[in-house]
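Heads up, coords_1.cif below (mmCIF, C-alpha atoms and all ligand atoms):
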data_model
loop_
_atom_site.label_atom_id
_atom_site.label_comp_id
_atom_site.auth_asym_id
_atom_site.auth_seq_id
_atom_site.Cartn_x
_atom_site.Cartn_y
_atom_site.Cartn_z
CA MET A 1 161.07 173.33 237.07
CA ALA A 2 160.09 174.47 233.64
CA GLY A 3 157.44 175.50 231.17
CA ILE A 4 157.24 174.09 227.67
CA LYS A 5 156.41 175.75 224.38
CA ILE A 6 155.53 173.62 221.37
CA GLY A 7 155.49 175.50 218.07
CA GLY A 8 153.90 174.05 214.96
CA ILE A 9 155.04 170.45 215.28
CA ASN A 10 154.46 168.08 212.38
CA LYS A 11 155.56 164.48 212.53
CA PHE A 12 155.68 162.01 209.67
CA TYR A 13 156.42 158.30 209.87
CA GLY A 14 157.22 157.68 206.22
CA ASP A 15 154.03 158.69 204.41
CA THR A 16 151.90 158.63 207.57
CA GLN A 17 151.43 161.99 209.24
CA ALA A 18 151.00 161.41 212.99
CA LEU A 19 150.98 165.07 214.16
CA PHE A 20 149.55 168.11 212.35
CA ASP A 21 150.73 171.60 213.33
CA VAL A 22 150.59 171.06 217.09
CA ASN A 23 150.92 174.30 219.07
CA LEU A 24 150.83 174.22 222.83
CA GLU A 25 152.03 176.07 225.89
CA ILE A 26 152.52 174.29 229.17
CA GLU A 27 153.03 176.37 232.27
CA ASP A 28 155.70 175.72 234.85
CA GLY A 29 154.29 173.33 237.46
CA GLU A 30 151.20 172.40 235.48
CA PHE A 31 149.74 168.88 235.36
CA VAL A 32 148.81 168.45 231.70
CA VAL A 33 147.06 165.38 230.31
CA PHE A 34 147.16 164.43 226.61
CA VAL A 35 144.04 162.39 225.98
CA GLY A 36 142.38 160.86 222.94
CA PRO A 37 141.48 157.54 221.38
CA SER A 38 144.10 155.03 220.28
CA GLY A 39 146.17 156.27 217.35
CA CYS A 40 145.42 159.99 217.87
CA GLY A 41 149.12 160.79 218.28
CA LYS A 42 149.41 161.33 222.04
CA SER A 43 152.38 158.97 222.54
CA THR A 44 154.08 160.44 219.48
CA LEU A 45 153.68 163.93 220.92
CA LEU A 46 155.10 162.81 224.29
CA ARG A 47 157.99 161.03 222.61
CA THR A 48 158.91 164.09 220.54
CA LEU A 49 159.03 166.11 223.78
CA ALA A 50 161.25 163.45 225.32
CA GLY A 51 163.51 163.47 222.26
CA LEU A 52 162.81 159.80 221.55
CA GLU A 53 161.32 160.80 218.18
CA ALA A 54 162.61 163.62 215.98
CA VAL A 55 160.00 166.12 214.80
CA SER A 56 159.61 166.56 211.02
CA SER A 57 159.12 170.30 211.52
CA GLY A 58 158.34 172.72 214.33
CA THR A 59 160.09 173.64 217.57
CA ILE A 60 160.16 172.59 221.22
CA GLU A 61 161.29 174.96 223.95
CA ILE A 62 161.82 173.91 227.55
CA ASP A 63 162.35 176.66 230.08
CA GLY A 64 163.08 179.11 227.28
CA THR A 65 165.74 176.93 225.60
CA ASP A 66 165.21 175.45 222.14
CA VAL A 67 165.67 171.69 222.61
CA THR A 68 164.21 170.62 219.26
CA ARG A 69 167.42 168.88 218.26
CA ALA A 70 168.75 168.12 221.77
CA GLU A 71 169.48 164.57 222.93
CA PRO A 72 166.93 163.06 225.35
CA ALA A 73 169.46 163.13 228.20
CA ASP A 74 170.07 166.86 227.68
CA ARG A 75 166.42 167.91 227.97
CA GLY A 76 166.06 167.64 231.75
CA LEU A 77 163.07 165.30 231.50
CA ALA A 78 162.29 161.96 233.08
CA MET A 79 159.86 159.49 231.56
CA VAL A 80 157.75 156.85 233.30
CA PHE A 81 156.49 154.10 231.01
CA GLN A 82 153.45 151.86 231.12
CA SER A 83 155.69 148.80 231.20
CA TYR A 84 157.70 150.07 234.24
CA ALA A 85 160.87 148.68 232.58
CA LEU A 86 162.44 147.78 235.94
CA TYR A 87 165.55 145.59 236.04
CA PRO A 88 164.29 142.32 237.57
CA HIS A 89 167.65 141.20 238.96
CA MET A 90 168.26 144.51 240.77
CA SER A 91 166.84 145.61 244.10
CA VAL A 92 164.56 148.63 244.37
CA ARG A 93 167.56 150.66 245.58
CA GLU A 94 169.71 149.52 242.64
CA ASN A 95 166.92 150.21 240.17
CA MET A 96 166.63 153.78 241.41
CA ASP A 97 170.42 154.16 241.59
CA PHE A 98 171.22 152.79 238.14
CA GLY A 99 170.88 155.96 236.05
CA MET A 100 172.74 158.11 238.56
CA LYS A 101 175.54 155.54 238.91
CA VAL A 102 176.00 155.25 235.14
CA ASN A 103 176.19 159.01 234.93
CA GLY A 104 178.91 159.13 237.60
CA PHE A 105 176.96 160.95 240.29
CA ASP A 106 178.59 161.36 243.68
CA PRO A 107 177.68 158.36 245.94
CA ALA A 108 176.50 160.56 248.82
CA LEU A 109 174.18 162.49 246.49
CA ARG A 110 172.86 159.21 245.04
CA GLU A 111 172.08 157.90 248.51
CA GLU A 112 170.42 161.16 249.49
CA ARG A 113 168.17 161.18 246.42
CA ILE A 114 167.21 157.52 246.82
CA SER A 115 166.27 158.10 250.48
CA GLU A 116 164.21 161.15 249.58
CA ALA A 117 162.38 159.35 246.72
CA ALA A 118 161.76 156.31 248.95
CA ARG A 119 160.34 158.57 251.63
CA ILE A 120 158.03 160.41 249.21
CA LEU A 121 156.83 157.14 247.66
CA GLN A 122 156.68 155.16 250.93
CA LEU A 123 159.14 152.61 249.63
CA GLU A 124 161.57 152.82 252.56
CA ASP A 125 160.80 149.29 253.76
CA TYR A 126 161.20 147.80 250.28
CA LEU A 127 164.57 149.16 249.15
CA ASP A 128 166.28 145.77 249.32
CA ARG A 129 163.53 143.82 247.56
CA LYS A 130 163.57 142.79 243.90
CA PRO A 131 160.71 143.94 241.63
CA GLY A 132 159.33 140.39 241.61
CA GLN A 133 158.68 140.67 245.35
CA LEU A 134 156.53 143.79 244.98
CA SER A 135 152.87 144.44 244.20
CA GLY A 136 151.91 146.14 240.94
CA GLY A 137 151.38 149.46 242.70
CA GLN A 138 154.76 149.25 244.44
CA ARG A 139 156.49 148.48 241.13
CA GLN A 140 154.82 151.50 239.62
CA ARG A 141 156.12 153.60 242.50
CA VAL A 142 159.66 152.31 241.92
CA ALA A 143 159.36 153.36 238.27
CA ILE A 144 158.29 156.81 239.45
CA GLY A 145 161.12 156.79 241.99
CA ARG A 146 163.59 156.23 239.20
CA ALA A 147 162.26 159.39 237.58
CA ILE A 148 162.30 161.40 240.82
CA VAL A 149 165.99 160.72 241.54
CA LYS A 150 166.90 162.32 238.22
CA ASN A 151 165.53 165.55 239.68
CA PRO A 152 163.98 166.41 236.31
CA SER A 153 162.41 169.71 235.35
CA VAL A 154 159.52 167.84 233.70
CA PHE A 155 158.00 164.41 234.32
CA LEU A 156 156.51 162.54 231.35
CA PHE A 157 154.09 159.67 232.00
CA ASP A 158 153.01 157.32 229.21
CA GLU A 159 149.82 155.51 230.31
CA PRO A 160 151.49 154.57 233.61
CA LEU A 161 148.40 153.08 235.26
CA SER A 162 146.94 150.95 232.50
CA ASN A 163 148.49 147.71 233.83
CA LEU A 164 146.89 148.12 237.25
CA ASP A 165 143.49 146.87 238.40
CA ALA A 166 140.65 149.36 238.81
CA LYS A 167 140.99 149.89 242.56
CA LEU A 168 144.75 150.38 242.40
CA ARG A 169 144.35 152.80 239.50
CA VAL A 170 142.15 155.02 241.65
CA GLN A 171 144.66 154.85 244.50
CA MET A 172 147.61 155.65 242.20
CA ARG A 173 145.69 158.57 240.69
CA VAL A 174 145.40 160.06 244.15
CA GLU A 175 149.08 159.34 244.84
CA LEU A 176 150.17 161.01 241.61
CA GLU A 177 148.12 164.10 242.39
CA GLY A 178 149.74 164.21 245.83
CA LEU A 179 153.16 163.78 244.23
CA HIS A 180 152.47 166.61 241.84
CA LYS A 181 151.60 168.94 244.72
CA GLN A 182 154.58 167.84 246.76
CA LEU A 183 157.16 168.18 243.97
CA ALA A 184 155.48 171.20 242.33
CA ALA A 185 156.90 169.80 239.08
CA THR A 186 155.61 170.13 235.53
CA MET A 187 153.97 166.82 234.67
CA ILE A 188 152.71 165.61 231.31
CA TYR A 189 150.58 162.52 231.33
CA VAL A 190 149.30 160.50 228.37
CA THR A 191 146.14 158.40 228.61
CA HIS A 192 143.21 157.20 226.53
CA ASP A 193 141.10 157.26 229.70
CA GLN A 194 139.02 160.42 229.99
CA VAL A 195 138.38 159.71 233.68
CA GLU A 196 142.11 159.93 234.40
CA ALA A 197 142.24 163.14 232.40
CA MET A 198 139.26 164.67 234.21
CA THR A 199 140.43 163.72 237.70
CA MET A 200 144.11 164.62 237.50
CA ALA A 201 144.65 167.39 234.97
CA ASP A 202 145.05 171.11 235.51
CA LYS A 203 144.81 171.28 231.74
CA ILE A 204 143.60 168.68 229.26
CA VAL A 205 144.77 168.52 225.65
CA VAL A 206 142.34 166.48 223.55
CA LEU A 207 143.94 165.04 220.43
CA ASN A 208 142.01 163.76 217.44
CA GLY A 209 143.68 162.30 214.37
CA GLY A 210 147.02 163.97 215.13
CA ARG A 211 145.48 167.41 215.70
CA VAL A 212 144.82 169.33 218.90
CA GLU A 213 141.04 169.33 219.13
CA GLN A 214 140.70 171.44 222.29
CA VAL A 215 142.75 172.62 225.26
CA GLY A 216 141.14 173.55 228.55
CA THR A 217 140.53 172.76 232.19
CA PRO A 218 138.50 169.60 232.82
CA MET A 219 135.35 171.59 233.57
CA GLU A 220 135.79 173.83 230.53
CA LEU A 221 135.86 170.77 228.31
CA TYR A 222 132.90 169.27 230.12
CA HIS A 223 130.72 172.38 229.95
CA LYS A 224 131.99 174.02 226.76
CA PRO A 225 133.23 171.40 224.32
CA ASN A 226 134.07 173.16 221.07
CA SER A 227 133.24 170.12 218.96
CA ARG A 228 131.06 167.07 218.90
CA PHE A 229 134.22 164.97 219.21
CA VAL A 230 135.16 166.51 222.59
CA ALA A 231 131.52 166.52 223.72
CA GLU A 232 131.25 162.78 223.19
CA PHE A 233 134.76 161.93 224.42
CA ILE A 234 134.64 163.74 227.78
CA GLY A 235 132.04 162.45 230.24
CA SER A 236 130.64 159.00 230.95
CA PRO A 237 128.11 157.90 229.83
CA ALA A 238 128.80 160.04 226.77
CA MET A 239 126.76 163.12 225.89
CA ASN A 240 123.63 162.29 223.89
CA VAL A 241 124.04 163.81 220.43
CA PHE A 242 121.27 163.47 217.86
CA GLU A 243 119.71 165.10 214.82
CA PRO A 244 116.85 167.39 215.76
CA LYS A 245 113.98 165.74 213.90
CA GLY A 246 110.33 166.80 213.78
CA GLU A 247 109.59 165.05 217.07
CA LEU A 248 111.44 167.77 219.01
CA ARG A 249 109.04 170.52 220.12
CA ASP A 250 109.26 173.97 221.69
CA LEU A 251 113.02 174.13 221.42
CA SER A 252 114.49 177.16 219.67
CA LEU A 253 117.57 175.99 217.84
CA ASP A 254 120.19 177.81 215.80
CA ALA A 255 119.29 177.53 212.11
CA SER A 256 122.64 175.90 211.32
CA ALA A 257 122.40 173.26 214.06
CA ALA A 258 122.73 169.81 212.45
CA TYR A 259 122.99 168.09 215.84
CA VAL A 260 121.88 168.79 219.37
CA GLY A 261 123.44 167.35 222.50
CA CYS A 262 122.57 167.00 226.17
CA ARG A 263 124.46 165.18 228.90
CA PRO A 264 122.64 162.27 230.60
CA GLU A 265 122.74 164.08 233.96
CA HIS A 266 121.13 167.23 232.53
CA ILE A 267 118.02 165.66 231.04
CA GLU A 268 114.87 166.21 233.10
CA LEU A 269 112.11 163.62 233.12
CA VAL A 270 108.61 165.11 232.90
CA PRO A 271 105.18 163.58 232.22
CA SER A 272 104.68 162.20 228.73
CA GLY A 273 103.48 164.95 226.39
CA ASP A 274 105.36 167.65 228.35
CA GLY A 275 108.93 168.75 227.73
CA HIS A 276 110.69 168.71 224.36
CA LEU A 277 110.49 165.07 223.34
CA ASP A 278 108.54 161.90 224.10
CA ALA A 279 110.33 158.64 224.73
CA THR A 280 109.82 155.16 226.18
CA VAL A 281 111.95 153.53 228.88
CA LYS A 282 113.73 150.54 227.31
CA VAL A 283 116.23 149.72 230.03
CA HIS A 284 116.44 150.87 233.64
CA GLU A 285 119.99 150.19 234.79
CA ARG A 286 120.28 150.47 238.57
CA LEU A 287 123.79 151.32 239.79
CA GLY A 288 122.79 151.91 243.41
CA GLY A 289 123.44 155.60 244.00
CA GLU A 290 122.12 156.44 240.55
CA SER A 291 120.33 154.81 237.64
CA LEU A 292 120.71 155.08 233.89
CA LEU A 293 117.57 155.11 231.80
CA TYR A 294 117.91 154.06 228.16
CA LEU A 295 115.10 155.82 226.38
CA GLY A 296 113.79 155.02 222.92
CA MET A 297 112.83 158.00 220.75
CA GLN A 298 110.01 157.78 218.21
CA SER A 299 112.55 158.24 215.42
CA GLY A 300 114.30 155.07 216.63
CA GLY A 301 117.26 156.80 218.27
CA GLU A 302 118.26 156.22 221.88
CA ILE A 303 118.92 158.71 224.67
CA VAL A 304 120.51 157.98 228.03
CA ALA A 305 119.36 159.86 231.12
CA ARG A 306 121.01 159.71 234.53
CA VAL A 307 118.53 159.75 237.41
CA GLY A 308 118.62 159.15 241.16
CA GLY A 309 119.13 155.63 242.49
CA ASP A 310 115.61 155.57 243.94
CA ASP A 311 113.93 156.65 240.71
CA ALA A 312 110.82 154.53 240.18
CA THR A 313 110.34 155.00 236.43
CA ALA A 314 109.08 151.67 235.09
CA LEU A 315 110.21 149.70 232.06
CA GLY A 316 108.06 150.49 229.07
CA GLN A 317 106.80 153.73 230.64
CA ALA A 318 106.17 156.67 228.32
CA VAL A 319 107.97 159.80 229.55
CA GLY A 320 108.62 163.34 228.42
CA LEU A 321 112.17 164.71 228.27
CA ARG A 322 113.16 168.29 228.93
CA PHE A 323 116.52 169.69 227.84
CA PRO A 324 117.33 172.79 229.95
CA THR A 325 118.31 175.54 227.49
CA ASP A 326 121.56 176.34 229.30
CA ARG A 327 122.51 172.64 229.19
CA LEU A 328 121.80 172.17 225.51
CA HIS A 329 124.69 171.89 223.04
CA GLN A 330 124.37 172.53 219.31
CA PHE A 331 126.76 171.45 216.57
CA ASP A 332 126.94 172.24 212.87
CA GLY A 333 127.25 169.63 210.14
CA ALA A 334 131.06 169.55 210.55
CA GLY A 335 130.67 168.84 214.26
CA ARG A 336 131.78 172.31 215.40
CA ALA A 337 129.97 173.73 218.43
CA ILE A 338 127.60 176.61 217.68
P1 LIG B 401 148.38 157.00 220.45
O1 LIG B 401 149.50 157.11 221.43
O2 LIG B 401 147.42 158.14 220.56
O3 LIG B 401 147.68 155.67 220.48
P2 LIG B 401 150.50 157.07 218.49
O4 LIG B 401 151.18 158.35 218.78
O5 LIG B 401 151.14 155.83 219.01
O6 LIG B 401 148.99 157.15 218.98
O7 LIG B 401 150.32 156.91 216.93
C1 LIG B 401 149.84 157.95 216.10
C2 LIG B 401 149.88 157.48 214.65
O8 LIG B 401 151.21 157.28 214.22
C3 LIG B 401 149.16 156.17 214.41
O9 LIG B 401 148.54 156.23 213.15
C4 LIG B 401 150.29 155.16 214.41
O10 LIG B 401 149.97 154.05 213.62
C5 LIG B 401 151.42 155.96 213.80
N1 LIG B 401 152.74 155.51 214.32
C6 LIG B 401 153.15 155.56 215.61
N2 LIG B 401 154.41 155.12 215.73
C7 LIG B 401 154.81 154.76 214.48
C8 LIG B 401 156.02 154.23 213.93
N3 LIG B 401 157.09 153.99 214.69
N4 LIG B 401 156.03 154.00 212.60
C9 LIG B 401 154.98 154.27 211.81
N5 LIG B 401 153.81 154.78 212.27
C10 LIG B 401 153.72 155.03 213.57
#

Spell out the structure here as structure tokens.
Ligand code: ADP
Amino acid sequence: MAGIKIGGINKFYGDTQALFDVNLEIEDGEFVVFVGPSGCGKSTLLRTLAGLEAVSSGTIEIDGTDVTRAEPADRGLAMVFQSYALYPHMSVRENMDFGMKVNGFDPALREERISEAARILQLEDYLDRKPGQLSGGQRQRVAIGRAIVKNPSVFLFDEPLSNLDAKLRVQMRVELEGLHKQLAATMIYVTHDQVEAMTMADKIVVLNGGRVEQVGTPMELYHKPNSRFVAEFIGSPAMNVFEPKGELRDLSLDASAAYVGCRPEHIELVPSGDGHLDATVKVHERLGGESLLYLGMQSGGEIVARVGGDDATALGQAVGLRFPTDRLHQFDGAGRAI
């Protein structure tokens, strides 16, 4: 098992710079998620760690050894891809065995590792099946099994769940968390899905335009986003962020605050005329256990509030909104948190 130290990585593809001075430390045994919108550089960062892409400058250390120029096979990592990349004509056993066989591992050791991976992943009854005879979730487990038998110091996952349906994704999330605990391995996981990041990560790395925007635990990012970007990326529905216009009352704001933000679940509904802002209910979206109210501001902007499933606020109703001071976020004109 191993920690990773990334020092000042820049990556160019021709004239396009995909990574800008990325610095990062990953602890031994940590589950780290790289998250951000499409094109933010998360796959590039993962692939430079794997050695599948060369960095333009900067260094990568794994377990104290500089591997910046090392071949992928010499880095002690195993990667699980979105597209599984299983061999269709081989059985589950042969798929897991392939890498070890090619590398001339002792047959007894190969068999031992396959049995152990099959046990961990509950694939024991499927070892003789071909990938085509498996469900999506089982195929994903075989792909993970192929990584486990390599006995890597670090597991790299590139959007491994995005081909699965919603229910299976939830199940596989739980399985991966269990796997992480069981193997106590360092795991790095790339996704554009902030829910996956929130639910699985010990540490989240938010990337934006090739730069590390913020690093922290899920709840640190949720409660203390250091930028408007992170504030709006983490959490669903997204944090309400708006310009404090004249219609806001009795709210003491920092003089340099260009934007204020409040999460939908932190807004309190009060009688119209009370609170910090008046609004009108435009949509009442009932989700069962909770409801989302889409509220029109006088300035024309819209605010989303999350309320209880039994909330009786009517369409068209005028309401007051209160933003609890300790739940209010303020950002300057550049989007930095104040
Ligand atoms: P993400 O995984 O966050 O969607 P990527 O790491 O794939 O983002 O891409 C980051 C940036 O690098 C994007 O602007 C993308 O177009 C560019 N890029 C990625 N791979 C290549 C490549 N092989 N050649 C040129 N540009 C690339």

Mind listing as a tab-separated table (two decimals) with C-alpha atoms, in the frame of the given file all residues within 10 Å of (128.4, 168.8, 219.9), counting all atoms listed in the file?
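The result, written out as selection-v3.tsv:
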chain	number	residue	atom	x	y	z
A	224	LYS	CA	131.99	174.02	226.76
A	225	PRO	CA	133.23	171.40	224.32
A	226	ASN	CA	134.07	173.16	221.07
A	227	SER	CA	133.24	170.12	218.96
A	228	ARG	CA	131.06	167.07	218.90
A	229	PHE	CA	134.22	164.97	219.21
A	230	VAL	CA	135.16	166.51	222.59
A	231	ALA	CA	131.52	166.52	223.72
A	232	GLU	CA	131.25	162.78	223.19
A	239	MET	CA	126.76	163.12	225.89
A	240	ASN	CA	123.63	162.29	223.89
A	241	VAL	CA	124.04	163.81	220.43
A	242	PHE	CA	121.27	163.47	217.86
A	257	ALA	CA	122.40	173.26	214.06
A	258	ALA	CA	122.73	169.81	212.45
A	259	TYR	CA	122.99	168.09	215.84
A	260	VAL	CA	121.88	168.79	219.37
A	261	GLY	CA	123.44	167.35	222.50
A	262	CYS	CA	122.57	167.00	226.17
A	328	LEU	CA	121.80	172.17	225.51
A	329	HIS	CA	124.69	171.89	223.04
A	330	GLN	CA	124.37	172.53	219.31
A	331	PHE	CA	126.76	171.45	216.57
A	332	ASP	CA	126.94	172.24	212.87
A	333	GLY	CA	127.25	169.63	210.14
A	334	ALA	CA	131.06	169.55	210.55
A	335	GLY	CA	130.67	168.84	214.26
A	336	ARG	CA	131.78	172.31	215.40
A	337	ALA	CA	129.97	173.73	218.43
A	338	ILE	CA	127.60	176.61	217.68

Cut-off 8 Å, all atoms listed in the file, neighbours of ligand LIG 401 (chain B) as a ChimeraX atom specification: /A:12-14,16-19,35-45,190,192,207,209-210

Leu248 (chain A) environment, 7 Å, only C-alpha atoms, sequence neighbours closer than 4 positions dropped, as a list of chain:residue names: A:Pro244, A:His276, A:Leu277

Spatial sel., origin (170.7, 149.0, 239.5), limit 12 Å, all atoms listed in the file, listed as a list in words: Leu86, Tyr87, Pro88, His89, Met90, Ser91, Val92, Arg93, Glu94, Asn95, Met96, Asp97, Phe98, Gly99, Met100, Lys101, Val102, Arg110, Ile114, Leu127, Asp128, Arg129, Lys130, Pro131, Val142 and Arg146 of chain A

Residues near Val205 (chain A), cut-off 12 Å, only C-alpha atoms, skip fewer than 6 positions along chain, as a ChimeraX atom specification: /A:22-26,31-36,40-42,45-46,188-192,194,197-198,211-218,220-221,225,230,234

CA of Asp165 (chain A) to CA of Thr186 (chain A), straight-line distance in Å: 26.4 Å

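Our summary of the geometry notes that CA of Leu179 (chain A) is positioned 10.7 Å from CA of Arg141 (chain A).
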
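Using only C-alpha atoms, the contacts of Arg69 (chain A) at a cut-off of 12 Å, with sequence neighbours closer than 5 positions omitted, comprise Thr48, Leu49, Ala50, Gly51, Leu52, Glu53, Ala54, Val55, Ser56, Ser57, Gly58, Thr59, Ile60, Glu61, Ile62, Asp74 and Arg75 of chain A.
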
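Atom pair CA of Asn10 (chain A) / CA of Ala70 (chain A) has a distance of 17.1 Å (rounded to one decimal).
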